[in-house]
Every structure is written in structure tokens, then in C-alpha cells.
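Heads up, entry_18.json below (JSON, C-alpha atoms):
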[["chain", "number", "residue", "atom", "x", "y", "z"],
["O", 1, "MET", "CA", 0.00, 0.00, 0.00],
["O", 2, "ALA", "CA", 1.29, 3.43, -0.96],
["O", 3, "SER", "CA", 0.37, 6.95, 0.07],
["O", 4, "LEU", "CA", -0.05, 9.09, -3.03],
["O", 5, "TYR", "CA", -0.29, 12.87, -3.07],
["O", 6, "ILE", "CA", -1.99, 13.95, -6.27],
["O", 7, "ASP", "CA", -3.17, 17.31, -7.55],
["O", 8, "ILE", "CA", -6.53, 17.02, -9.28],
["O", 9, "LYS", "CA", -5.10, 18.51, -12.47],
["O", 10, "ASP", "CA", -2.68, 15.56, -12.65],
["O", 11, "LEU", "CA", -5.17, 12.86, -11.71],
["O", 12, "LYS", "CA", -5.83, 11.49, -15.20],
["O", 13, "GLU", "CA", -2.15, 10.88, -15.88],
["O", 14, "LYS", "CA", -1.44, 9.55, -12.38],
["O", 15, "CYS", "CA", -4.37, 7.15, -12.10],
["O", 16, "CYS", "CA", -2.38, 4.27, -13.59],
["O", 17, "ASP", "CA", -0.14, 4.51, -10.50],
["O", 18, "ILE", "CA", -3.08, 3.93, -8.14],
["O", 19, "HIS", "CA", -3.70, 0.44, -6.77],
["O", 20, "VAL", "CA", -6.32, -1.10, -4.50],
["O", 21, "GLY", "CA", -5.51, -0.19, -0.91],
["O", 22, "ASP", "CA", -3.52, 2.95, -1.74],
["O", 23, "GLU", "CA", -4.23, 6.06, 0.29],
["O", 24, "ILE", "CA", -4.88, 8.99, -2.02],
["O", 25, "TYR", "CA", -4.44, 12.57, -0.82],
["O", 26, "LEU", "CA", -6.05, 14.93, -3.31],
["O", 27, "SER", "CA", -5.26, 18.61, -3.58],
["O", 28, "GLY", "CA", -6.38, 21.27, -5.99],
["O", 29, "THR", "CA", -9.90, 22.24, -6.95],
["O", 30, "ILE", "CA", -12.62, 19.84, -5.85],
["O", 31, "TYR", "CA", -16.15, 20.99, -6.61],
["O", 32, "THR", "CA", -19.03, 20.33, -4.23],
["O", 33, "ALA", "CA", -22.37, 19.52, -5.81],
["O", 34, "ARG", "CA", -25.33, 17.31, -5.13],
["O", 35, "ASP", "CA", -28.59, 16.45, -6.89],
["O", 36, "ALA", "CA", -29.95, 19.98, -7.46],
["O", 37, "ALA", "CA", -26.64, 21.16, -8.95],
["O", 38, "HIS", "CA", -26.35, 17.99, -11.02],
["O", 39, "LYS", "CA", -29.82, 18.58, -12.46],
["O", 40, "LYS", "CA", -28.85, 22.14, -13.42],
["O", 41, "ILE", "CA", -25.58, 21.00, -15.01],
["O", 42, "LYS", "CA", -27.40, 18.31, -17.03],
["O", 43, "THR", "CA", -29.88, 20.92, -18.28],
["O", 44, "LEU", "CA", -27.03, 23.24, -19.30],
["O", 45, "ILE", "CA", -25.35, 20.37, -21.22],
["O", 46, "GLN", "CA", -28.60, 19.50, -23.00],
["O", 47, "GLU", "CA", -29.13, 23.16, -23.93],
["O", 48, "GLY", "CA", -25.55, 23.52, -25.15],
["O", 49, "LYS", "CA", -24.82, 26.26, -22.65],
["O", 50, "SER", "CA", -21.58, 26.86, -20.78],
["O", 51, "LEU", "CA", -21.12, 25.06, -17.47],
["O", 52, "PRO", "CA", -20.15, 26.66, -14.16],
["O", 53, "PHE", "CA", -16.92, 24.57, -14.33],
["O", 54, "GLU", "CA", -15.27, 22.27, -16.84],
["O", 55, "LEU", "CA", -16.27, 18.64, -16.25],
["O", 56, "ASP", "CA", -13.27, 17.25, -18.14],
["O", 57, "GLY", "CA", -10.72, 16.32, -15.48],
["O", 58, "ALA", "CA", -12.93, 17.52, -12.63],
["O", 59, "CYS", "CA", -13.52, 15.95, -9.23],
["O", 60, "ILE", "CA", -16.94, 16.36, -7.58],
["O", 61, "TYR", "CA", -17.51, 15.91, -3.87],
["O", 62, "TYR", "CA", -21.14, 14.98, -3.29],
["O", 63, "ALA", "CA", -21.94, 17.42, -0.50],
["O", 64, "GLY", "CA", -24.59, 19.99, 0.10],
["O", 65, "PRO", "CA", -24.58, 23.44, 1.67],
["O", 66, "THR", "CA", -24.73, 23.94, 5.42],
["O", 67, "GLY", "CA", -24.71, 27.03, 7.57],
["O", 68, "THR", "CA", -21.42, 28.86, 7.87],
["O", 69, "LYS", "CA", -20.20, 30.02, 11.26],
["O", 70, "GLU", "CA", -18.91, 33.57, 11.52],
["O", 71, "GLY", "CA", -15.31, 33.83, 10.36],
["O", 72, "MET", "CA", -15.38, 30.47, 8.57],
["O", 73, "ALA", "CA", -15.29, 29.97, 4.79],
["O", 74, "ILE", "CA", -17.61, 26.96, 4.89],
["O", 75, "GLY", "CA", -19.93, 25.16, 7.29],
["O", 76, "SER", "CA", -19.89, 21.44, 7.97],
["O", 77, "CYS", "CA", -19.22, 19.47, 4.83],
["O", 78, "GLY", "CA", -19.79, 15.72, 4.92],
["O", 79, "PRO", "CA", -20.51, 13.40, 2.02],
["O", 80, "THR", "CA", -24.08, 12.85, 0.85],
["O", 81, "THR", "CA", -25.60, 9.70, -0.63],
["O", 82, "SER", "CA", -24.04, 9.07, -4.02],
["O", 83, "SER", "CA", -26.96, 7.12, -5.49],
["O", 84, "ARG", "CA", -28.97, 10.35, -5.76],
["O", 85, "MET", "CA", -26.52, 11.42, -8.48],
["O", 86, "ASP", "CA", -26.70, 8.11, -10.39],
["O", 87, "VAL", "CA", -29.13, 9.46, -12.99],
["O", 88, "TYR", "CA", -26.55, 12.14, -13.97],
["O", 89, "THR", "CA", -23.25, 10.31, -13.53],
["O", 90, "PRO", "CA", -22.95, 8.41, -16.86],
["O", 91, "LEU", "CA", -23.40, 11.69, -18.78],
["O", 92, "PHE", "CA", -20.88, 13.49, -16.57],
["O", 93, "LEU", "CA", -18.37, 10.66, -17.07],
["O", 94, "GLU", "CA", -18.87, 10.95, -20.84],
["O", 95, "LYS", "CA", -18.00, 14.64, -20.49],
["O", 96, "GLY", "CA", -14.74, 13.74, -18.70],
["O", 97, "LEU", "CA", -15.56, 13.77, -14.99],
["O", 98, "CYS", "CA", -12.44, 12.27, -13.44],
["O", 99, "ALA", "CA", -13.32, 11.50, -9.82],
["O", 100, "MET", "CA", -16.28, 11.44, -7.44],
["O", 101, "ILE", "CA", -16.28, 11.51, -3.65],
["O", 102, "GLY", "CA", -19.37, 10.40, -1.77],
["O", 103, "LYS", "CA", -20.90, 7.56, 0.20],
["O", 104, "GLY", "CA", -23.05, 4.55, -0.57],
["O", 105, "GLN", "CA", -23.57, 2.16, -3.43],
["O", 106, "ARG", "CA", -23.88, 3.04, -7.10],
["O", 107, "ASN", "CA", -26.30, 1.44, -9.54],
["O", 108, "LYS", "CA", -25.23, -0.95, -12.30],
["O", 109, "GLU", "CA", -25.38, 1.73, -15.02],
["O", 110, "VAL", "CA", -22.93, 3.91, -13.09],
["O", 111, "CYS", "CA", -20.62, 0.97, -12.36],
["O", 112, "ASP", "CA", -20.68, 0.03, -16.07],
["O", 113, "ALA", "CA", -19.89, 3.64, -17.04],
["O", 114, "ILE", "CA", -16.93, 3.64, -14.64],
["O", 115, "ILE", "CA", -15.69, 0.29, -15.97],
["O", 116, "LYS", "CA", -16.01, 1.61, -19.55],
["O", 117, "ARG", "CA", -13.58, 4.33, -18.57],
["O", 118, "ILE", "CA", -11.10, 1.97, -16.90],
["O", 119, "LEU", "CA", -8.85, 4.81, -15.68],
["O", 120, "LEU", "CA", -11.72, 6.17, -13.61],
["O", 121, "TRP", "CA", -12.37, 2.77, -12.10],
["O", 122, "LYS", "CA", -9.10, 2.90, -10.20],
["O", 123, "ILE", "CA", -9.90, 6.20, -8.56],
["O", 124, "CYS", "CA", -13.56, 5.71, -7.84],
["O", 125, "LEU", "CA", -14.04, 6.21, -4.12],
["O", 126, "PHE", "CA", -17.42, 4.47, -3.84],
["O", 127, "PRO", "CA", -18.40, 0.95, -2.87],
["O", 128, "TYR", "CA", -20.02, -0.78, -5.81],
["O", 129, "TYR", "CA", -22.02, -3.94, -6.39]]
Target encoding C-alpha cells, full file:
Amino acid sequence: MASLYIDIKDLKEKCCDIHVGDEIYLSGTIYTARDAAHKKIKTLIQEGKSLPFELDGACIYYAGPTGTKEGMAIGSCGPTTSSRMDVYTPLFLEKGLCAMIGKGQRNKEVCDAIIKRILLWKICLFPYY
């Protein structure tokens, strides 16, 4: 088992170095979004409009907004249930989404989409069935 320190912008090229059991420390820009944001992004893609961020090479942390305490940049930020994003994930993977952080199982369509993009399979941080 290795400990790997990877910047998100380098994740695609480094994913071949990742093995089961490795600890991965990500740095760089990680976007937070959950089902409402995913729905909006899907609509923008379907309408051919620009996205709030480039999906190609991106990492999305499935988390929602919480209250922010005074003097803090963000409130509590824990993972939300990944399966709520399953309806959007295959499209996002087609558009180049590189990594997802969340909790819970994914459906077969999502697992198949990850397997289809074998490089993403190695960095997927979700349990699957």
C-alpha cells in the first residue's frame, strides 16, 4: 500500500499509478455539488450552454450546503448519498468527470460507465455492487 499525493489537475495521468488499498491525498480544486446542482448541469449540457466549471478532469464531492459560522469559509461538509446522483453520472463521465467523492452504493449503469472508462475505475471512491 502506498500513500499518493496527487493534484486534481494531474489525476488522469497519475491514475495508472493507483492500486487497491492505496491512500490517495487529493489537492487542488474539488467541486461540491449534489442532486440539485447535477440537475442544473445536465440541463445546461442538454441546452448547449456553458457550465459553471469544466467537467473534463474535474472531481466532484457529493456534498450539500450547510450554515457557515462567523469567520469560517464553509460550514460542515460531509458526504451525501451518491446514489442520488446516479441518474446524472454516466453523462458526466462521458464529459470527462475524473473523480467522485461520496458515500453509498452506485447502480449498475454507473458501475458500467466507470468500468467503460477503466482509468476512472481505479480512482472511484465508492463501494459498488
_Pick from O:Ile114, O:Cys98, O:Leu51, O:Met72, whichever lies nearest to Lys9 of chain O using only C-alpha atoms_ =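 Closest candidate: O:Cys98.
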_Report, in Å with one decimal, the straight-line distance from atom CA of Ile24 of chain O to atom CA of Ile6 of chain O._
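Between atom CA of Ile24 of chain O and atom CA of Ile6 of chain O the gap works out to 7.1 Å.
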*Find the residue from O:Leu26, O:Leu91, O:Ala113, O:Ile60 that sits nearest to Ile8 of chain O; use all atoms listed in the file when measuring.*
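Looking only at the distances to Ile8 of chain O, the closest residue turns out to be O:Leu26.
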*Point out the residue among O:Tyr61, O:Tyr5, O:Tyr88, O:Phe53 with the least atom-to-atom distance to Tyr25 of chain O, counting only C-alpha atoms.*
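Closest to Tyr25 of chain O, using only C-alpha atoms: O:Tyr5.
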*One decimal, Å: what's the distance from atom CA of Gly104 of chain O over to atom CA of Thr81 of chain O, could you say?*
5.7 Å
*To one decimal in Å, tell me the separation between atom CA of Ile41 of chain O and atom CA of Leu11 of chain O.*
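Atom CA of Leu11 of chain O lies at a distance of 22.2 Å from atom CA of Ile41 of chain O.
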*Nearest to Glu94 of chain O: which of O:Ile74, O:Val20, O:Ala36, O:Leu55 is it, counting only C-alpha atoms?*
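Once distances to Glu94 of chain O are computed over only C-alpha atoms, the minimum belongs to O:Leu55.
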*Option closest in space to Ser76 of chain O, from O:Pro52, O:Lys14, O:Tyr31, O:Gly64 [counting only C-alpha atoms]*: O:Gly64
_Among listed residues O:Ser3, O:Arg117, O:Thr32, O:Gly21, nearest Lys95 of chain O (using all atoms listed in the file)_ =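 Counting all atoms listed in the file, the residue closest to Lys95 of chain O is O:Arg117.
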